[in-house]
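Reading through the structure tokens given below for one structure.
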Amino acid sequence: MERFGFVGLPNAGKSSLFNSLAGGGALAAPYAFATTDPNVGVARVPDARLDALAEMSASRKVVPTTTEFIDIGGLVEGASKGEGLGNRFLAGIREVDAIVFVLRAFGDPDVPGPADPLEHLRIVETELTLADLESVESRIDRRRKAARSQPSDTALADEVAALDAALEHLAAGTPLYRAWPLGAVSDGPDEYPHRAALRSHFLLTDKPVMAVLNLGEDQLDAAAELAEPIEAELPGATVLPLCVQLEAEAAQLAGAERAELLEGLGLGEGALERFVAAAHGLLGLHTFLTTGEKESRAWTFRAGWRAPQCAGRIHTDFERGFIRAEVIDWAELLDLGSWSAARDAGRLRVEGKDYPMRDGDVVEFRFNV
């Protein structure tokens with residue numbers, strides 16, 4: 001399950017965003033530090049393909065993929081040095097897969113704090129960078145000594161080189177995601193190999209980032225224009241403009257009522273669907289599916305994964321004893337009406353170990369252990 005950590009100033013709308021995605025449960029209040037412990041929520045990822053396959057197979061059980069959200073308390077200037085409840089909050093997101101900046105763009109006399117999203121971004125980036133700098137400074141001497149005592153350990157030498165490179169960027173005030181852009185996801189080697197060597201250090205700025213721009217209801221018509229300065233400041237990052245308060249209110253409603261409200265407000269399919277699409281794109285995630293009378297299920301995998309790696313998402317034995325995969329695109333399977341019809345029509349493709357899985361593949365794995 002992929003994990004996303006929400007980061008922002010007090011009153012930026014993090015808890016309301018959490019509620020809009022996870023269906024409620026977080027206290028959203030117009031004062032600092034309303035959230036003192038991280039809120040952790042899990043949301044089922046909507047997937048119309050899975051629903052259609054489950055109906056076709058008359059599945060007794062339907063299992064979508066899930067995503068985890070972690071809402072920490074608001075950061076303030078000096079959080080990296082313990083101001084507010086900064087250190088405690090930052091510890092709550094060190095192990096997430098990606099950082100989501102929540103930036104407030106609307107003014108409200110009842111909500112204290114700046115309404116300039118660029119100012120929000122500046123403060124939060126500075127605090128994350130300083131926190132990482134402190135982490136690297138506290139560890140690098142020990143790792144250097146270890147490397148000198150074990151000169152044949154190339155992994156340790158790579159780690160020290162990566163820490164030295166990170167220290168240089170962080171000391172200059174540059175977050176690592178700016179120094180080492182993620183760029184397009186591929187199955188080739190990382191353009192910045194230091195990233196792999198630093199993985200065990202869980203640095204905050206060595207993660208993919210996206211931004212949610214929290215708008216007022218009266219700003220929705222200008223959403224694209226208001227997002228432009230953030231997109232210019234975070235080149236390559238997804239910036240998702242949302243009226244978080246309206247989305248949180250809609251999330252409290254049942255399916256038909258929610259859809260009616262979203263349509264009436266011109267909010268499209270809703271925050272969860274839009275967020276998941278952006279977040280999956282950020283991490284290079286795709287979905288393959290399995291279906292049958294017992295169960296239809298969706299499984300996420302990383303772009304570039306081969307069939308055996310995807311089989312391992314179901315069970316490690318499937319990857320270890322992989323023989324072949326029988327594969328068909330979900331839309332083609334629906335047109336044929338059943339797995340047996342697809343087999344009879346000769347439309348199931350038999351793929352081997354080198355097959356790169358595609359988003360929307362429906363598959364049965366053959367294995368032997």
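In the structure tokens, each chain is lettered A, B, ... as it comes, each chain's residues begin at 1, and ligands are numbered from 1 in order of appearance.
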
Report the closest atom pair, with its distance in Å rounded to one decimal, for each residue of stretch 146-242 of chain A that has an atom no farther than 12 Å from stretch 254-266 of chain A; count only C-alpha atoms, sort by chain and then rising residue number, and write it as JSON lines.
```
{"residue": "A:Glu217", "atom": "CA", "partner": "A:Leu265", "partner_atom": "CA", "distance": 9.3}
{"residue": "A:Asp218", "atom": "CA", "partner": "A:Leu265", "partner_atom": "CA", "distance": 11.3}
{"residue": "A:Leu220", "atom": "CA", "partner": "A:Gly266", "partner_atom": "CA", "distance": 9.1}
{"residue": "A:Asp221", "atom": "CA", "partner": "A:Gly266", "partner_atom": "CA", "distance": 9.8}
{"residue": "A:Leu242", "atom": "CA", "partner": "A:Gly266", "partner_atom": "CA", "distance": 11.4}
```

* To do: Find the residues near A:Leu156: any atom within 10 Å, counting only C-alpha atoms, skip ones fewer than 4 places away on the same chain, and give them as a list in words.
  =>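 My reading of the contact set: Arg143, Arg144, Ala146, Ala147, Arg148, Gln150, Pro151, Ser152, Val160, Ala161, Ala162 and Ala197 of chain A.
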
Within 8 Å of stretch 269-286 of chain A, counting only C-alpha atoms, which residues qualify if same-chain residues fewer than 3 places away don't, as a PDB file with N, CA, C and O atoms, in the first residue's frame?
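Final output, out_16.pdb:
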```pdb
ATOM      1  N   SER A  20     -11.625  14.552   3.176  1.00  0.00           N
ATOM      2  CA  SER A  20     -12.210  14.428   1.835  1.00  0.00           C
ATOM      3  C   SER A  20     -11.740  13.158   1.136  1.00  0.00           C
ATOM      4  O   SER A  20     -12.441  12.606   0.292  1.00  0.00           O
ATOM      5  N   LEU A  21     -10.559  12.660   1.501  1.00  0.00           N
ATOM      6  CA  LEU A  21     -10.015  11.463   0.870  1.00  0.00           C
ATOM      7  C   LEU A  21     -10.353  10.190   1.624  1.00  0.00           C
ATOM      8  O   LEU A  21     -10.653   9.156   1.032  1.00  0.00           O
ATOM      9  N   VAL A  45      -9.459   2.639  -3.448  1.00  0.00           N
ATOM     10  CA  VAL A  45      -9.276   3.369  -4.699  1.00  0.00           C
ATOM     11  C   VAL A  45     -10.364   2.974  -5.686  1.00  0.00           C
ATOM     12  O   VAL A  45     -10.465   1.804  -6.074  1.00  0.00           O
ATOM     13  N   PRO A  46     -11.205   3.924  -6.099  1.00  0.00           N
ATOM     14  CA  PRO A  46     -12.274   3.582  -7.046  1.00  0.00           C
ATOM     15  C   PRO A  46     -11.684   3.137  -8.389  1.00  0.00           C
ATOM     16  O   PRO A  46     -10.716   3.698  -8.880  1.00  0.00           O
ATOM     17  N   ALA A  98       5.613   9.434  -0.595  1.00  0.00           N
ATOM     18  CA  ALA A  98       5.621  10.737  -1.260  1.00  0.00           C
ATOM     19  C   ALA A  98       5.077  11.793  -0.304  1.00  0.00           C
ATOM     20  O   ALA A  98       4.290  11.496   0.597  1.00  0.00           O
ATOM     21  N   VAL A 185       9.281   8.378 -15.030  1.00  0.00           N
ATOM     22  CA  VAL A 185       9.491   7.052 -14.450  1.00  0.00           C
ATOM     23  C   VAL A 185       9.833   6.069 -15.561  1.00  0.00           C
ATOM     24  O   VAL A 185       9.212   6.053 -16.609  1.00  0.00           O
ATOM     25  N   PRO A 208       9.369  11.857  -3.826  1.00  0.00           N
ATOM     26  CA  PRO A 208       8.553  12.591  -4.798  1.00  0.00           C
ATOM     27  C   PRO A 208       7.596  13.543  -4.081  1.00  0.00           C
ATOM     28  O   PRO A 208       7.167  13.273  -2.961  1.00  0.00           O
ATOM     29  N   VAL A 209       7.296  14.652  -4.736  1.00  0.00           N
ATOM     30  CA  VAL A 209       6.383  15.632  -4.139  1.00  0.00           C
ATOM     31  C   VAL A 209       5.290  16.015  -5.125  1.00  0.00           C
ATOM     32  O   VAL A 209       5.481  15.999  -6.334  1.00  0.00           O
ATOM     33  N   MET A 210       4.131  16.347  -4.572  1.00  0.00           N
ATOM     34  CA  MET A 210       3.048  16.970  -5.318  1.00  0.00           C
ATOM     35  C   MET A 210       2.425  18.017  -4.410  1.00  0.00           C
ATOM     36  O   MET A 210       2.744  18.074  -3.212  1.00  0.00           O
ATOM     37  N   ALA A 237       6.315  18.832 -10.978  1.00  0.00           N
ATOM     38  CA  ALA A 237       5.430  18.290  -9.938  1.00  0.00           C
ATOM     39  C   ALA A 237       3.972  18.540 -10.314  1.00  0.00           C
ATOM     40  O   ALA A 237       3.644  19.555 -10.930  1.00  0.00           O
ATOM     41  N   THR A 238       3.102  17.624  -9.936  1.00  0.00           N
ATOM     42  CA  THR A 238       1.667  17.811 -10.143  1.00  0.00           C
ATOM     43  C   THR A 238       1.130  18.792  -9.107  1.00  0.00           C
ATOM     44  O   THR A 238       1.417  18.659  -7.915  1.00  0.00           O
ATOM     45  N   LEU A 240      -2.498  20.140  -7.805  1.00  0.00           N
ATOM     46  CA  LEU A 240      -3.909  19.786  -7.891  1.00  0.00           C
ATOM     47  C   LEU A 240      -4.738  20.839  -7.159  1.00  0.00           C
ATOM     48  O   LEU A 240      -4.745  20.878  -5.921  1.00  0.00           O
ATOM     49  N   LEU A 242      -7.943  22.297  -5.503  1.00  0.00           N
ATOM     50  CA  LEU A 242      -9.180  21.752  -4.953  1.00  0.00           C
ATOM     51  C   LEU A 242      -9.792  22.744  -3.978  1.00  0.00           C
ATOM     52  O   LEU A 242      -9.056  23.465  -3.292  1.00  0.00           O
ATOM     53  N   GLU A 247     -14.996  19.525  -0.838  1.00  0.00           N
ATOM     54  CA  GLU A 247     -14.730  18.109  -1.058  1.00  0.00           C
ATOM     55  C   GLU A 247     -14.933  17.310   0.229  1.00  0.00           C
ATOM     56  O   GLU A 247     -15.461  16.192   0.201  1.00  0.00           O
ATOM     57  N   ALA A 259     -22.493  12.184  -5.550  1.00  0.00           N
ATOM     58  CA  ALA A 259     -22.358  12.437  -6.984  1.00  0.00           C
ATOM     59  C   ALA A 259     -23.188  13.639  -7.409  1.00  0.00           C
ATOM     60  O   ALA A 259     -22.748  14.471  -8.219  1.00  0.00           O
ATOM     61  N   LEU A 262     -21.417  16.840  -6.127  1.00  0.00           N
ATOM     62  CA  LEU A 262     -20.218  17.120  -6.916  1.00  0.00           C
ATOM     63  C   LEU A 262     -20.589  17.680  -8.281  1.00  0.00           C
ATOM     64  O   LEU A 262     -19.969  18.641  -8.768  1.00  0.00           O
ATOM     65  N   GLU A 263     -21.624  17.098  -8.891  1.00  0.00           N
ATOM     66  CA  GLU A 263     -22.055  17.570 -10.200  1.00  0.00           C
ATOM     67  C   GLU A 263     -22.619  18.985 -10.092  1.00  0.00           C
ATOM     68  O   GLU A 263     -22.318  19.859 -10.922  1.00  0.00           O
ATOM     69  N   THR A 300      -1.677  -2.976  -7.570  1.00  0.00           N
ATOM     70  CA  THR A 300      -0.808  -1.957  -8.139  1.00  0.00           C
ATOM     71  C   THR A 300       0.594  -2.511  -8.377  1.00  0.00           C
ATOM     72  O   THR A 300       1.040  -3.431  -7.695  1.00  0.00           O
ATOM     73  N   PHE A 301       1.260  -1.926  -9.376  1.00  0.00           N
ATOM     74  CA  PHE A 301       2.646  -2.291  -9.662  1.00  0.00           C
ATOM     75  C   PHE A 301       3.346  -1.069 -10.247  1.00  0.00           C
ATOM     76  O   PHE A 301       2.698  -0.116 -10.698  1.00  0.00           O
ATOM     77  N   ARG A 302       4.656  -1.083 -10.206  1.00  0.00           N
ATOM     78  CA  ARG A 302       5.449   0.040 -10.705  1.00  0.00           C
ATOM     79  C   ARG A 302       5.675  -0.077 -12.209  1.00  0.00           C
ATOM     80  O   ARG A 302       5.829  -1.179 -12.742  1.00  0.00           O
ATOM     81  N   ALA A 303       5.692   1.068 -12.876  1.00  0.00           N
ATOM     82  CA  ALA A 303       5.967   1.082 -14.312  1.00  0.00           C
ATOM     83  C   ALA A 303       7.270   0.352 -14.596  1.00  0.00           C
ATOM     84  O   ALA A 303       8.270   0.542 -13.903  1.00  0.00           O
ATOM     85  N   ARG A 358       1.132  -4.220 -18.379  1.00  0.00           N
ATOM     86  CA  ARG A 358       0.502  -2.969 -18.798  1.00  0.00           C
ATOM     87  C   ARG A 358      -0.668  -2.641 -17.880  1.00  0.00           C
ATOM     88  O   ARG A 358      -1.322  -3.546 -17.340  1.00  0.00           O
ATOM     89  N   ASP A 359      -0.922  -1.375 -17.742  1.00  0.00           N
ATOM     90  CA  ASP A 359      -2.067  -0.947 -16.955  1.00  0.00           C
ATOM     91  C   ASP A 359      -3.347  -1.499 -17.579  1.00  0.00           C
ATOM     92  O   ASP A 359      -3.553  -1.379 -18.790  1.00  0.00           O
ATOM     93  N   GLY A 360      -4.191  -2.132 -16.750  1.00  0.00           N
ATOM     94  CA  GLY A 360      -5.446  -2.674 -17.253  1.00  0.00           C
ATOM     95  C   GLY A 360      -5.370  -4.109 -17.720  1.00  0.00           C
ATOM     96  O   GLY A 360      -6.383  -4.674 -18.170  1.00  0.00           O
TER      97      GLY A 360
END
```

Picked from stretch 174-350 of chain A by DSSP as alpha helix (DSSP H), as a compact mmCIF listing (two decimals) with N, CA and C atoms, in the first residue's frame:
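The new file out-v6.txt reads:
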```
# COMPACT_ATOMS: atom_id res chain seq x y z
N LEU A 176 16.39 17.92 -1.71
CA LEU A 176 16.97 16.92 -2.61
C LEU A 176 16.11 16.65 -3.83
N TYR A 177 14.77 16.82 -3.70
CA TYR A 177 13.93 16.59 -4.87
C TYR A 177 14.14 17.68 -5.92
N ARG A 178 14.73 18.81 -5.53
CA ARG A 178 15.09 19.82 -6.52
C ARG A 178 16.48 19.53 -7.09
N ALA A 179 17.38 19.04 -6.24
CA ALA A 179 18.74 18.74 -6.69
C ALA A 179 18.77 17.53 -7.60
N HIS A 194 22.66 8.29 -6.23
CA HIS A 194 22.74 8.55 -4.79
C HIS A 194 21.41 8.26 -4.09
N ARG A 195 20.32 8.37 -4.84
CA ARG A 195 19.00 8.20 -4.21
C ARG A 195 18.85 6.81 -3.59
N ALA A 196 19.32 5.79 -4.28
CA ALA A 196 19.21 4.42 -3.76
C ALA A 196 20.06 4.25 -2.51
N ALA A 197 21.25 4.87 -2.50
CA ALA A 197 22.15 4.72 -1.36
C ALA A 197 21.61 5.42 -0.11
N ALA A 223 -9.07 28.34 -11.01
CA ALA A 223 -8.18 27.32 -10.44
C ALA A 223 -6.89 27.17 -11.24
N ALA A 224 -7.00 27.06 -12.56
CA ALA A 224 -5.80 26.84 -13.38
C ALA A 224 -4.84 28.01 -13.28
N GLU A 225 -5.39 29.22 -13.30
CA GLU A 225 -4.55 30.41 -13.21
C GLU A 225 -3.85 30.50 -11.85
N LEU A 226 -4.56 30.17 -10.78
CA LEU A 226 -3.98 30.24 -9.45
C LEU A 226 -2.91 29.17 -9.23
N ALA A 227 -3.03 28.07 -9.97
CA ALA A 227 -2.03 26.99 -9.83
C ALA A 227 -0.73 27.29 -10.57
N GLU A 228 -0.76 28.20 -11.52
CA GLU A 228 0.42 28.44 -12.36
C GLU A 228 1.68 28.83 -11.58
N PRO A 229 1.60 29.74 -10.59
CA PRO A 229 2.83 30.09 -9.87
C PRO A 229 3.44 28.91 -9.11
N ILE A 230 2.60 28.02 -8.59
CA ILE A 230 3.11 26.85 -7.88
C ILE A 230 3.74 25.88 -8.87
N GLU A 231 3.12 25.70 -10.03
CA GLU A 231 3.69 24.83 -11.06
C GLU A 231 5.04 25.36 -11.53
N ALA A 232 5.17 26.70 -11.64
CA ALA A 232 6.44 27.29 -12.04
C ALA A 232 7.50 27.10 -10.96
N GLU A 233 7.09 27.11 -9.70
CA GLU A 233 8.02 26.97 -8.58
C GLU A 233 8.43 25.51 -8.36
N VAL A 244 -10.98 22.28 -0.82
CA VAL A 244 -10.91 21.14 0.10
C VAL A 244 -12.13 21.08 1.01
N GLN A 245 -12.63 22.23 1.45
CA GLN A 245 -13.77 22.22 2.34
C GLN A 245 -15.00 21.61 1.67
N LEU A 246 -15.26 21.99 0.43
CA LEU A 246 -16.41 21.43 -0.29
C LEU A 246 -16.21 19.93 -0.51
N GLU A 247 -15.00 19.52 -0.84
CA GLU A 247 -14.73 18.11 -1.06
C GLU A 247 -14.93 17.31 0.23
N ALA A 248 -14.53 17.88 1.36
CA ALA A 248 -14.70 17.19 2.64
C ALA A 248 -16.18 17.04 2.97
N GLU A 249 -16.98 18.06 2.68
CA GLU A 249 -18.43 17.98 2.92
C GLU A 249 -19.05 16.92 2.02
N ALA A 250 -18.62 16.88 0.75
CA ALA A 250 -19.17 15.88 -0.18
C ALA A 250 -18.81 14.47 0.25
N ALA A 251 -17.63 14.30 0.83
CA ALA A 251 -17.17 12.96 1.23
C ALA A 251 -18.02 12.35 2.32
N GLY A 255 -23.23 7.60 -1.80
CA GLY A 255 -22.85 7.63 -3.21
C GLY A 255 -23.66 8.53 -4.10
N ALA A 256 -25.00 8.33 -4.17
CA ALA A 256 -25.83 9.11 -5.09
C ALA A 256 -25.87 10.57 -4.68
N GLU A 257 -26.00 10.83 -3.38
CA GLU A 257 -26.03 12.22 -2.91
C GLU A 257 -24.70 12.90 -3.18
N ARG A 258 -23.62 12.17 -2.96
CA ARG A 258 -22.29 12.75 -3.19
C ARG A 258 -22.12 13.10 -4.66
N ALA A 259 -22.49 12.18 -5.55
CA ALA A 259 -22.36 12.44 -6.98
C ALA A 259 -23.19 13.64 -7.41
N GLU A 260 -24.40 13.76 -6.84
CA GLU A 260 -25.27 14.89 -7.18
C GLU A 260 -24.66 16.21 -6.72
N LEU A 261 -24.09 16.21 -5.49
CA LEU A 261 -23.48 17.44 -4.99
C LEU A 261 -22.26 17.81 -5.82
N LEU A 262 -21.42 16.84 -6.13
CA LEU A 262 -20.22 17.12 -6.92
C LEU A 262 -20.59 17.68 -8.28
N GLU A 263 -21.62 17.10 -8.89
CA GLU A 263 -22.06 17.57 -10.20
C GLU A 263 -22.62 18.99 -10.09
N GLY A 264 -23.43 19.23 -9.04
CA GLY A 264 -24.03 20.55 -8.87
C GLY A 264 -23.00 21.63 -8.63
N ALA A 271 -12.53 14.58 -5.14
CA ALA A 271 -11.13 14.70 -4.74
C ALA A 271 -10.39 13.37 -4.77
N LEU A 272 -11.03 12.30 -4.28
CA LEU A 272 -10.32 11.03 -4.17
C LEU A 272 -9.86 10.53 -5.53
N GLU A 273 -10.75 10.54 -6.50
CA GLU A 273 -10.41 10.05 -7.82
C GLU A 273 -9.30 10.89 -8.45
N ARG A 274 -9.41 12.23 -8.32
CA ARG A 274 -8.41 13.11 -8.91
C ARG A 274 -7.07 12.96 -8.18
N PHE A 275 -7.12 12.87 -6.86
CA PHE A 275 -5.89 12.73 -6.09
C PHE A 275 -5.20 11.42 -6.42
N VAL A 276 -5.95 10.33 -6.46
CA VAL A 276 -5.34 9.03 -6.73
C VAL A 276 -4.70 9.01 -8.11
N ALA A 277 -5.38 9.59 -9.10
CA ALA A 277 -4.81 9.62 -10.45
C ALA A 277 -3.49 10.38 -10.45
N ALA A 278 -3.45 11.53 -9.77
CA ALA A 278 -2.23 12.33 -9.72
C ALA A 278 -1.14 11.61 -8.93
N ALA A 279 -1.53 11.01 -7.79
CA ALA A 279 -0.56 10.33 -6.93
C ALA A 279 0.03 9.10 -7.62
N HIS A 280 -0.81 8.34 -8.31
CA HIS A 280 -0.31 7.15 -9.02
C HIS A 280 0.64 7.56 -10.15
N GLY A 281 0.30 8.67 -10.83
CA GLY A 281 1.21 9.17 -11.85
C GLY A 281 2.54 9.60 -11.26
N LEU A 282 2.50 10.22 -10.08
CA LEU A 282 3.72 10.67 -9.40
C LEU A 282 4.65 9.50 -9.11
N LEU A 283 4.09 8.39 -8.65
CA LEU A 283 4.91 7.24 -8.26
C LEU A 283 5.09 6.22 -9.39
N ALA A 307 6.34 -9.50 -15.66
CA ALA A 307 5.27 -10.38 -15.18
C ALA A 307 5.61 -11.08 -13.86
N PRO A 308 6.83 -11.64 -13.69
CA PRO A 308 7.11 -12.30 -12.41
C PRO A 308 7.04 -11.36 -11.20
N GLN A 309 7.52 -10.11 -11.36
CA GLN A 309 7.44 -9.15 -10.26
C GLN A 309 5.98 -8.88 -9.88
N CYS A 310 5.14 -8.75 -10.88
CA CYS A 310 3.72 -8.52 -10.61
C CYS A 310 3.09 -9.74 -9.95
N ALA A 311 3.50 -10.92 -10.38
CA ALA A 311 2.99 -12.13 -9.73
C ALA A 311 3.35 -12.14 -8.26
N GLY A 312 4.52 -11.59 -7.93
CA GLY A 312 4.94 -11.53 -6.54
C GLY A 312 4.09 -10.63 -5.68
N ARG A 313 3.32 -9.73 -6.31
CA ARG A 313 2.39 -8.91 -5.53
C ARG A 313 1.28 -9.77 -4.93
N ILE A 314 0.94 -10.85 -5.60
CA ILE A 314 -0.10 -11.75 -5.11
C ILE A 314 0.46 -12.67 -4.03
N THR A 316 4.65 -14.38 -2.87
CA THR A 316 6.05 -14.55 -3.25
C THR A 316 6.28 -15.86 -3.99
N ASP A 317 5.48 -16.91 -3.69
CA ASP A 317 5.62 -18.18 -4.39
C ASP A 317 5.34 -18.02 -5.88
N PHE A 318 4.42 -17.10 -6.22
CA PHE A 318 4.07 -16.89 -7.63
C PHE A 318 5.28 -16.36 -8.40
N GLU A 319 6.04 -15.47 -7.77
CA GLU A 319 7.22 -14.92 -8.43
C GLU A 319 8.33 -15.96 -8.48
N ARG A 320 8.55 -16.66 -7.39
CA ARG A 320 9.64 -17.63 -7.30
C ARG A 320 9.45 -18.78 -8.29
N TRP A 330 -8.48 -5.58 -20.17
CA TRP A 330 -9.75 -5.63 -19.45
C TRP A 330 -10.94 -5.34 -20.38
N ALA A 331 -10.80 -4.35 -21.28
CA ALA A 331 -11.92 -3.99 -22.16
C ALA A 331 -12.22 -5.11 -23.15
N GLU A 332 -11.17 -5.75 -23.66
CA GLU A 332 -11.36 -6.87 -24.58
C GLU A 332 -12.05 -8.03 -23.88
N LEU A 333 -11.67 -8.29 -22.64
CA LEU A 333 -12.30 -9.37 -21.88
C LEU A 333 -13.78 -9.08 -21.66
N LEU A 334 -14.11 -7.85 -21.33
CA LEU A 334 -15.52 -7.50 -21.13
C LEU A 334 -16.31 -7.69 -22.42
N ASP A 335 -15.73 -7.33 -23.54
CA ASP A 335 -16.41 -7.51 -24.83
C ASP A 335 -16.70 -8.98 -25.10
N LEU A 336 -15.77 -9.87 -24.70
CA LEU A 336 -15.95 -11.30 -24.94
C LEU A 336 -16.89 -11.93 -23.93
N TRP A 339 -13.86 -15.24 -19.08
CA TRP A 339 -12.52 -15.75 -19.27
C TRP A 339 -12.52 -16.99 -20.17
N SER A 340 -13.50 -17.86 -19.98
CA SER A 340 -13.57 -19.08 -20.80
C SER A 340 -13.85 -18.73 -22.26
N ALA A 341 -14.67 -17.70 -22.49
CA ALA A 341 -14.95 -17.28 -23.87
C ALA A 341 -13.69 -16.72 -24.51
N ALA A 342 -12.91 -15.99 -23.74
CA ALA A 342 -11.65 -15.44 -24.26
C ALA A 342 -10.68 -16.56 -24.60
N ARG A 343 -10.64 -17.60 -23.77
CA ARG A 343 -9.76 -18.74 -24.06
C ARG A 343 -10.24 -19.47 -25.31
N ASP A 344 -11.55 -19.71 -25.41
CA ASP A 344 -12.09 -20.42 -26.57
C ASP A 344 -11.84 -19.66 -27.86
```

* To do: Choose the residue, out of A:Leu118, A:Val212, A:Leu128, A:Ala222, that has the smallest atom-to-atom separation from A:Pro241; count only C-alpha atoms.
  =>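 Of A:Leu118, A:Val212, A:Leu128, A:Ala222, the one nearest A:Pro241, counting only C-alpha atoms, is A:Val212.
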
* Counting only C-alpha atoms, the option among A:Gly107, A:Ala165, A:Val136, A:Phe4 closest to A:Leu203 ->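 Nearest candidate to A:Leu203 out of A:Gly107, A:Ala165, A:Val136, A:Phe4: A:Val136.
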
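Taking atom CA of A:Asn39 and atom CA of A:Phe106 as endpoints, the distance between them is 24.0 Å.
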
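Distance annotation: of A:Phe6, A:Arg347, A:Asn11, A:Ser59, the residue with the minimal separation from A:Val40 is A:Phe6; atom set is only C-alpha atoms.
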
* Residues of stretch 137-332 of chain A in strand (DSSP E or B), written as a VMD selection string -> chain A and resid 209 to 214 239 to 242 285 to 290 296 to 302 306 322 to 329

* To do: Tell me which protein, DNA and RNA residues are within 10 Å of A:His201, counting only C-alpha atoms, leaving out same-chain ones fewer than 3 positions away, and put them as a PyMOL selection string.
  => chain A and resi 94-95+132+135-136+139+159+163+197-198+204+206

Output the selection as a compact mmCIF listing (two decimals), in the first residue's frame - N, CA and C atoms for each residue.
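Done, and the output landed in part_23.txt:
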```txt
# COMPACT_ATOMS: atom_id res chain seq x y z
N ARG A 94 8.38 10.32 7.93
CA ARG A 94 9.68 9.95 7.37
C ARG A 94 9.60 8.73 6.47
N GLU A 95 8.65 7.85 6.70
CA GLU A 95 8.60 6.60 5.94
C GLU A 95 7.50 6.58 4.88
N ASP A 132 16.38 17.65 7.25
CA ASP A 132 17.25 16.69 6.57
C ASP A 132 18.72 17.03 6.80
N SER A 135 19.71 15.73 10.08
CA SER A 135 19.82 14.27 10.05
C SER A 135 21.14 13.83 9.42
N VAL A 136 21.49 14.44 8.28
CA VAL A 136 22.72 14.05 7.58
C VAL A 136 23.95 14.41 8.42
N ARG A 139 24.80 11.96 11.13
CA ARG A 139 25.14 10.58 10.76
C ARG A 139 26.42 10.45 9.95
N GLU A 159 27.32 4.86 0.08
CA GLU A 159 26.46 5.56 1.03
C GLU A 159 27.12 6.86 1.50
N LEU A 163 25.78 10.64 1.03
CA LEU A 163 25.58 11.56 2.17
C LEU A 163 26.37 12.85 1.94
N ALA A 197 21.25 4.87 -2.50
CA ALA A 197 22.15 4.72 -1.36
C ALA A 197 21.61 5.42 -0.11
N LEU A 198 20.72 6.38 -0.29
CA LEU A 198 20.17 7.14 0.84
C LEU A 198 18.84 6.58 1.34
N LEU A 204 13.47 13.43 4.30
CA LEU A 204 12.16 13.99 3.95
C LEU A 204 12.14 14.56 2.54
N ASP A 206 14.03 13.64 0.04
CA ASP A 206 14.45 12.66 -0.97
C ASP A 206 13.26 11.79 -1.36
```
